[in-house]
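K.L.:
Input structure: my_file.cif, which contains mmCIF, C-alpha atoms.
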```
data_work
#
loop_
_atom_site.label_atom_id
_atom_site.label_comp_id
_atom_site.auth_asym_id
_atom_site.auth_seq_id
_atom_site.Cartn_x
_atom_site.Cartn_y
_atom_site.Cartn_z
CA MET A 1 0.00 0.00 0.00
CA SER A 2 1.37 3.44 -0.93
CA VAL A 3 1.88 6.21 1.61
CA VAL A 4 -0.89 8.24 -0.05
CA ASN A 5 -3.43 5.40 0.20
CA SER A 6 -2.40 4.78 3.79
CA LEU A 7 -3.03 8.42 4.67
CA ARG A 8 -6.40 8.36 2.92
CA ARG A 9 -7.48 5.35 4.96
CA SER A 10 -6.38 6.97 8.23
CA ILE A 11 -8.11 10.34 7.65
CA ALA A 12 -11.86 10.46 8.28
CA PRO A 13 -13.93 11.95 5.45
CA VAL A 14 -15.94 15.14 5.87
CA HIS A 15 -19.69 14.65 6.22
CA PRO A 16 -21.62 16.30 3.34
CA GLU A 17 -23.41 18.54 5.87
CA GLY A 18 -20.05 20.20 6.46
CA TYR A 19 -19.23 21.06 2.84
CA PRO A 20 -20.88 24.53 2.83
CA PHE A 21 -19.15 25.46 6.09
CA VAL A 22 -15.72 24.27 4.96
CA ALA A 23 -16.16 26.19 1.70
CA GLY A 24 -17.21 29.31 3.60
CA PHE A 25 -14.20 29.11 5.92
CA ALA A 26 -11.91 28.59 2.92
CA VAL A 27 -13.26 31.65 1.09
CA ALA A 28 -12.95 33.76 4.24
CA THR A 29 -9.35 32.57 4.59
CA LEU A 30 -8.51 33.75 1.07
CA VAL A 31 -10.03 37.16 1.80
CA LEU A 32 -8.17 37.47 5.09
CA TRP A 33 -4.92 36.44 3.39
CA TRP A 34 -5.44 39.14 0.78
CA LEU A 35 -6.04 41.72 3.53
CA TRP A 36 -3.16 40.70 5.81
CA SER A 37 -1.22 37.40 5.82
CA PRO A 38 -1.26 36.91 9.64
CA LEU A 39 -5.07 36.97 9.46
CA GLY A 40 -4.85 34.46 6.64
CA TRP A 41 -2.97 32.04 8.87
CA LEU A 42 -5.70 32.38 11.50
CA GLY A 43 -8.27 31.69 8.82
CA LEU A 44 -6.37 28.60 7.70
CA ILE A 45 -6.34 27.26 11.27
CA ALA A 46 -10.09 27.88 11.52
CA THR A 47 -10.65 26.08 8.19
CA VAL A 48 -8.66 23.06 9.35
CA TRP A 49 -10.71 23.01 12.55
CA CYS A 50 -13.95 23.13 10.51
CA VAL A 51 -12.80 20.11 8.47
CA TYR A 52 -11.96 18.30 11.71
CA PHE A 53 -15.32 19.21 13.28
CA PHE A 54 -17.34 17.74 10.42
CA ARG A 55 -15.34 14.50 10.23
CA ASP A 56 -17.37 11.32 9.82
CA PRO A 57 -15.23 8.31 10.77
CA ALA A 58 -16.33 4.71 10.30
CA ARG A 59 -17.22 2.85 13.48
CA VAL A 60 -17.33 -0.83 14.47
CA THR A 61 -20.58 -1.47 16.36
CA PRO A 62 -21.37 -4.43 18.65
CA VAL A 63 -24.61 -5.89 17.31
CA ARG A 64 -26.53 -7.69 20.04
CA ASP A 65 -30.12 -6.92 21.02
CA ASP A 66 -29.15 -6.62 24.69
CA LEU A 67 -26.54 -3.87 24.13
CA VAL A 68 -27.10 -0.13 23.94
CA VAL A 69 -24.30 1.84 22.26
CA ALA A 70 -23.41 5.51 22.62
CA PRO A 71 -25.25 7.82 20.21
CA ALA A 72 -22.51 10.46 20.33
CA ASP A 73 -18.82 11.09 20.93
CA GLY A 74 -17.98 12.96 24.10
CA ALA A 75 -18.04 12.93 27.88
CA VAL A 76 -20.85 11.30 29.87
CA SER A 77 -22.33 14.24 31.77
CA PHE A 78 -25.24 12.40 33.40
CA ALA A 79 -26.08 8.78 34.23
CA GLY A 80 -29.14 8.28 36.40
CA PHE A 81 -32.90 8.81 36.55
CA ALA A 82 -34.67 11.76 34.94
CA ALA A 83 -38.15 12.52 33.61
CA PRO A 84 -38.28 12.21 29.81
CA PRO A 85 -39.55 15.09 27.62
CA PRO A 86 -43.34 14.83 27.23
CA GLU A 87 -43.14 14.72 23.42
CA LEU A 88 -41.43 11.32 23.59
CA GLY A 89 -44.64 9.75 24.90
CA LEU A 90 -42.71 7.54 27.33
CA GLY A 91 -44.73 8.57 30.39
CA MET A 92 -44.09 11.01 33.22
CA ALA A 93 -42.19 8.68 35.55
CA PRO A 94 -38.39 9.13 35.67
CA LEU A 95 -36.43 6.79 33.40
CA GLN A 96 -32.78 5.92 33.32
CA ARG A 97 -30.94 8.46 31.19
CA VAL A 98 -27.42 8.71 29.83
CA SER A 99 -26.36 12.15 28.58
CA ILE A 100 -23.27 12.66 26.41
CA PHE A 101 -21.86 16.17 26.01
CA MET A 102 -20.08 16.96 22.74
CA SER A 103 -17.50 19.73 22.81
CA VAL A 104 -16.49 21.59 19.64
CA PHE A 105 -13.59 19.12 19.32
CA ASP A 106 -15.75 15.97 19.33
CA CYS A 107 -17.23 14.31 16.24
CA HIS A 108 -20.84 15.53 15.98
CA VAL A 109 -22.37 12.77 13.84
CA ASN A 110 -25.04 11.04 15.95
CA ARG A 111 -25.83 7.33 15.72
CA ALA A 112 -28.68 5.03 16.71
CA PRO A 113 -28.09 3.39 20.11
CA VAL A 114 -30.11 0.27 19.22
CA GLU A 115 -31.65 -1.48 16.24
CA GLY A 116 -35.35 -0.85 15.78
CA ARG A 117 -38.12 1.12 14.12
CA VAL A 118 -38.36 4.90 14.37
CA GLU A 119 -41.80 5.42 15.92
CA ARG A 120 -41.78 9.16 16.45
CA ILE A 121 -39.74 12.28 15.64
CA VAL A 122 -40.67 15.58 17.28
CA TYR A 123 -38.81 18.88 16.95
CA HIS A 124 -39.12 21.25 19.93
CA PRO A 125 -37.93 24.88 19.65
CA GLY A 126 -36.23 26.35 22.69
CA LEU A 127 -33.27 28.17 24.20
CA PHE A 128 -29.55 27.73 23.60
CA LEU A 129 -28.20 27.24 27.12
CA ASN A 130 -24.91 25.47 27.75
CA ALA A 131 -25.68 21.86 26.80
CA ASP A 132 -23.63 20.65 29.78
CA LEU A 133 -26.30 22.01 32.15
CA ASP A 134 -28.96 19.53 33.24
CA LYS A 135 -31.81 22.00 32.63
CA ALA A 136 -30.82 22.13 28.96
CA SER A 137 -32.79 18.88 28.54
CA GLU A 138 -35.99 20.80 29.29
CA ASP A 139 -35.30 24.33 28.03
CA ASN A 140 -33.09 23.99 24.93
CA GLU A 141 -33.98 23.43 21.31
CA ARG A 142 -34.16 19.68 20.76
CA ASN A 143 -35.13 16.93 18.36
CA SER A 144 -36.66 13.86 19.98
CA ILE A 145 -36.66 10.39 18.43
CA VAL A 146 -38.40 7.29 19.76
CA ILE A 147 -37.00 3.93 18.62
CA GLY A 148 -39.02 0.78 19.21
CA ALA A 149 -36.59 -2.11 19.69
CA ALA A 150 -36.81 -5.75 20.74
CA ALA A 151 -35.75 -4.74 24.27
CA GLY A 152 -38.28 -1.90 24.61
CA ARG A 153 -38.76 1.74 23.61
CA PHE A 154 -35.78 4.10 23.63
CA GLY A 155 -35.81 7.88 23.55
CA VAL A 156 -32.95 9.66 21.76
CA VAL A 157 -32.93 13.44 22.18
CA GLN A 158 -30.57 15.71 20.23
CA VAL A 159 -30.14 18.82 22.40
CA ALA A 160 -28.76 22.07 20.95
CA GLY A 161 -25.97 23.78 22.87
CA LEU A 162 -24.72 27.26 23.66
CA ILE A 163 -23.45 27.95 20.13
CA ALA A 164 -25.40 25.27 18.26
CA ARG A 165 -28.04 26.67 15.96
CA ARG A 166 -28.94 23.73 13.82
CA ILE A 167 -30.04 20.16 14.57
CA VAL A 168 -30.05 17.85 11.56
CA CYS A 169 -32.00 14.57 11.56
CA PHE A 170 -31.12 11.96 8.92
CA THR A 171 -33.93 9.48 9.63
CA ARG A 172 -37.72 9.55 9.39
CA GLU A 173 -40.74 8.07 11.13
CA GLY A 174 -41.32 4.46 10.12
CA ALA A 175 -37.70 3.88 9.10
CA HIS A 176 -35.75 0.89 10.36
CA VAL A 177 -32.37 1.78 11.85
CA SER A 178 -29.48 -0.45 12.81
CA ALA A 179 -27.41 0.04 15.94
CA GLY A 180 -24.63 2.48 15.10
CA GLU A 181 -26.39 3.83 12.00
CA ARG A 182 -26.05 7.58 11.41
CA ILE A 183 -29.27 9.34 12.45
CA GLY A 184 -28.29 13.00 12.74
CA LEU A 185 -25.78 15.76 13.38
CA ILE A 186 -25.68 18.86 15.57
CA ARG A 187 -23.47 21.89 15.06
CA PHE A 188 -21.46 23.23 16.96
CA GLY A 189 -21.32 21.89 20.54
CA SER A 190 -24.28 20.03 21.98
CA ARG A 191 -25.60 16.95 23.79
CA VAL A 192 -27.50 13.74 23.18
CA ASP A 193 -29.72 12.13 25.84
CA VAL A 194 -30.75 8.47 25.73
CA TYR A 195 -33.77 7.38 27.78
CA LEU A 196 -33.71 3.66 28.55
CA PRO A 197 -36.48 1.12 29.25
CA PRO A 198 -36.83 -0.14 32.86
CA ASN A 199 -34.98 -3.41 32.19
CA ALA A 200 -31.76 -1.65 31.13
CA GLN A 201 -28.68 -1.29 33.29
CA ILE A 202 -26.30 1.64 32.76
CA VAL A 203 -22.66 0.50 32.53
CA VAL A 204 -20.90 3.88 32.11
CA GLY A 205 -20.13 6.53 34.70
CA VAL A 206 -20.14 10.31 34.71
CA ASP A 207 -17.01 11.85 33.14
CA SER A 208 -16.19 8.68 31.20
CA ARG A 209 -15.57 9.06 27.46
CA ALA A 210 -17.93 7.59 24.87
CA VAL A 211 -17.42 6.82 21.19
CA ALA A 212 -20.56 6.94 19.05
CA GLY A 213 -21.59 3.56 17.72
CA GLU A 214 -18.91 1.69 19.67
CA THR A 215 -19.03 2.34 23.42
CA VAL A 216 -21.62 0.20 25.26
CA ILE A 217 -23.52 2.52 27.62
CA ALA A 218 -26.13 0.04 28.89
CA GLU A 219 -27.04 -3.63 28.87
CA ILE A 220 -30.49 -5.19 28.81
CA SER A 221 -29.52 -8.70 29.94
CA ALA A 222 -26.48 -10.77 30.84
CA ALA A 223 -23.92 -10.68 28.04
CA PRO A 224 -22.21 -13.80 26.63
CA ALA A 225 -18.44 -14.02 26.46
CA THR A 226 -18.09 -12.77 22.88
CA ARG A 227 -19.61 -9.86 20.98
CA PRO A 228 -20.15 -9.78 17.20
CA PHE A 229 -19.40 -6.52 15.42
CA GLN A 230 -20.44 -4.67 12.27
CA ARG A 231 -18.72 -1.78 10.49
CA SER A 232 -20.78 1.37 9.84
#
```
Just dump the structure as structure tokens.

P.N.:
Amino acid sequence: MSVVNSLRRSIAPVHPEGYPFVAGFAVATLVLWWLWSPLGWLGLIATVWCVYFFRDPARVTPVRDDLVVAPADGAVSFAGFAAPPPELGLGMAPLQRVSIFMSVFDCHVNRAPVEGRVERIVYHPGLFLNADLDKASEDNERNSIVIGAAAGRFGVVQVAGLIARRIVCFTREGAHVSAGERIGLIRFGSRVDVYLPPNAQIVVGVDSRAVAGETVIAEISAAPATRPFQRS
């Protein structure tokens, strides 16, 4: 394998949602360079960051019905019981919830935590508080997805952050999604909450790091010794 091919395989591609932003940063860099070269260098750094932000790496997902994988890259900011948003239709009683906070340096492509059918998608306008705050789950702009799986019903909520102004959803009601499949993207800095059925057990702790589509955040039943995987 040549060095060029090796580099291509090791660099994650840019998600198509990022093309307009990368192009905009690049044009701004050329203008800044024309005005004053030191500003051009700053623009180049910003353009490289934009490419990095919109990266879309392949992931290897464990594919068992009793496993729940992380829907986002980032730090686990909450792992416990919380009342789900009413638009999910999962009842008023507190459910187990895992929240993953994505900084501006994390990959922002969101993935399905389980395999199942998309039963409901509801967009809710709101504020743009720091997504790391717990009240952001109630007050911020969000997009809520309910996935009906073999193990129960799961709520996946894309929560906008302090500087996020756009939540993108790739799936639709009635669609079948696989665990680890791309279901959305948020820009730029945000959070994803996963509401679990009563028979789930959270296996991650607060401040631990999660990788979307790969890190197991909860288990539904006792796991066998080996785990099959699929690439997505």

K.L.:
Quick check on the file I pasted: which residues fall under the PyMOL selection byres ((chain A and resi 181) around 12)? Write them as an NGL selection string.

P.N.:
:A and (56 or 58-63 or 69-72 or 109-116 or 170-171 or 175-180 or 182-184 or 212-214 or 230-232)

K.L.:
If the PyMOL selection byres ((chain A and resi 97) around 9) is run on the structure shown, which residues does it catch, given as number ranges by chain?

P.N.:
A: 78-84, 94-96, 98-99, 193-196, 202

K.L.:
May I have the selected residues written with C-alpha atoms, as a tab-separated table (two decimals), keeping the file's coordinate frame?

P.N.:
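File again.tsv, as written:
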```tsv
chain	number	residue	atom	x	y	z
A	78	PHE	CA	-25.24	12.40	33.40
A	79	ALA	CA	-26.08	8.78	34.23
A	80	GLY	CA	-29.14	8.28	36.40
A	81	PHE	CA	-32.90	8.81	36.55
A	82	ALA	CA	-34.67	11.76	34.94
A	83	ALA	CA	-38.15	12.52	33.61
A	84	PRO	CA	-38.28	12.21	29.81
A	94	PRO	CA	-38.39	9.13	35.67
A	95	LEU	CA	-36.43	6.79	33.40
A	96	GLN	CA	-32.78	5.92	33.32
A	98	VAL	CA	-27.42	8.71	29.83
A	99	SER	CA	-26.36	12.15	28.58
A	193	ASP	CA	-29.72	12.13	25.84
A	194	VAL	CA	-30.75	8.47	25.73
A	195	TYR	CA	-33.77	7.38	27.78
A	196	LEU	CA	-33.71	3.66	28.55
A	202	ILE	CA	-26.30	1.64	32.76
```

K.L.:
Could you work out how far atom CA of Asp106 of chain A lies from atom CA of Pro16 of chain A, giving the answer in Å with one decimal?

P.N.:
17.0 Å

K.L.:
Can you list, as a ChimeraX atom specification, the residues that the PyMOL selection byres ((chain A and resi 35-52) around 12) selects here?

P.N.:
/A:11-34,53-57,104-109,187-188

K.L.:
Name the closest residue to Arg153 of chain A among the candidates A:Arg172, A:Arg209, A:His124, A:Arg117; distances are taken between atoms, counting only C-alpha atoms.

P.N.:
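Among the listed residues, the smallest separation from Arg153 of chain A belongs to A:Arg117.
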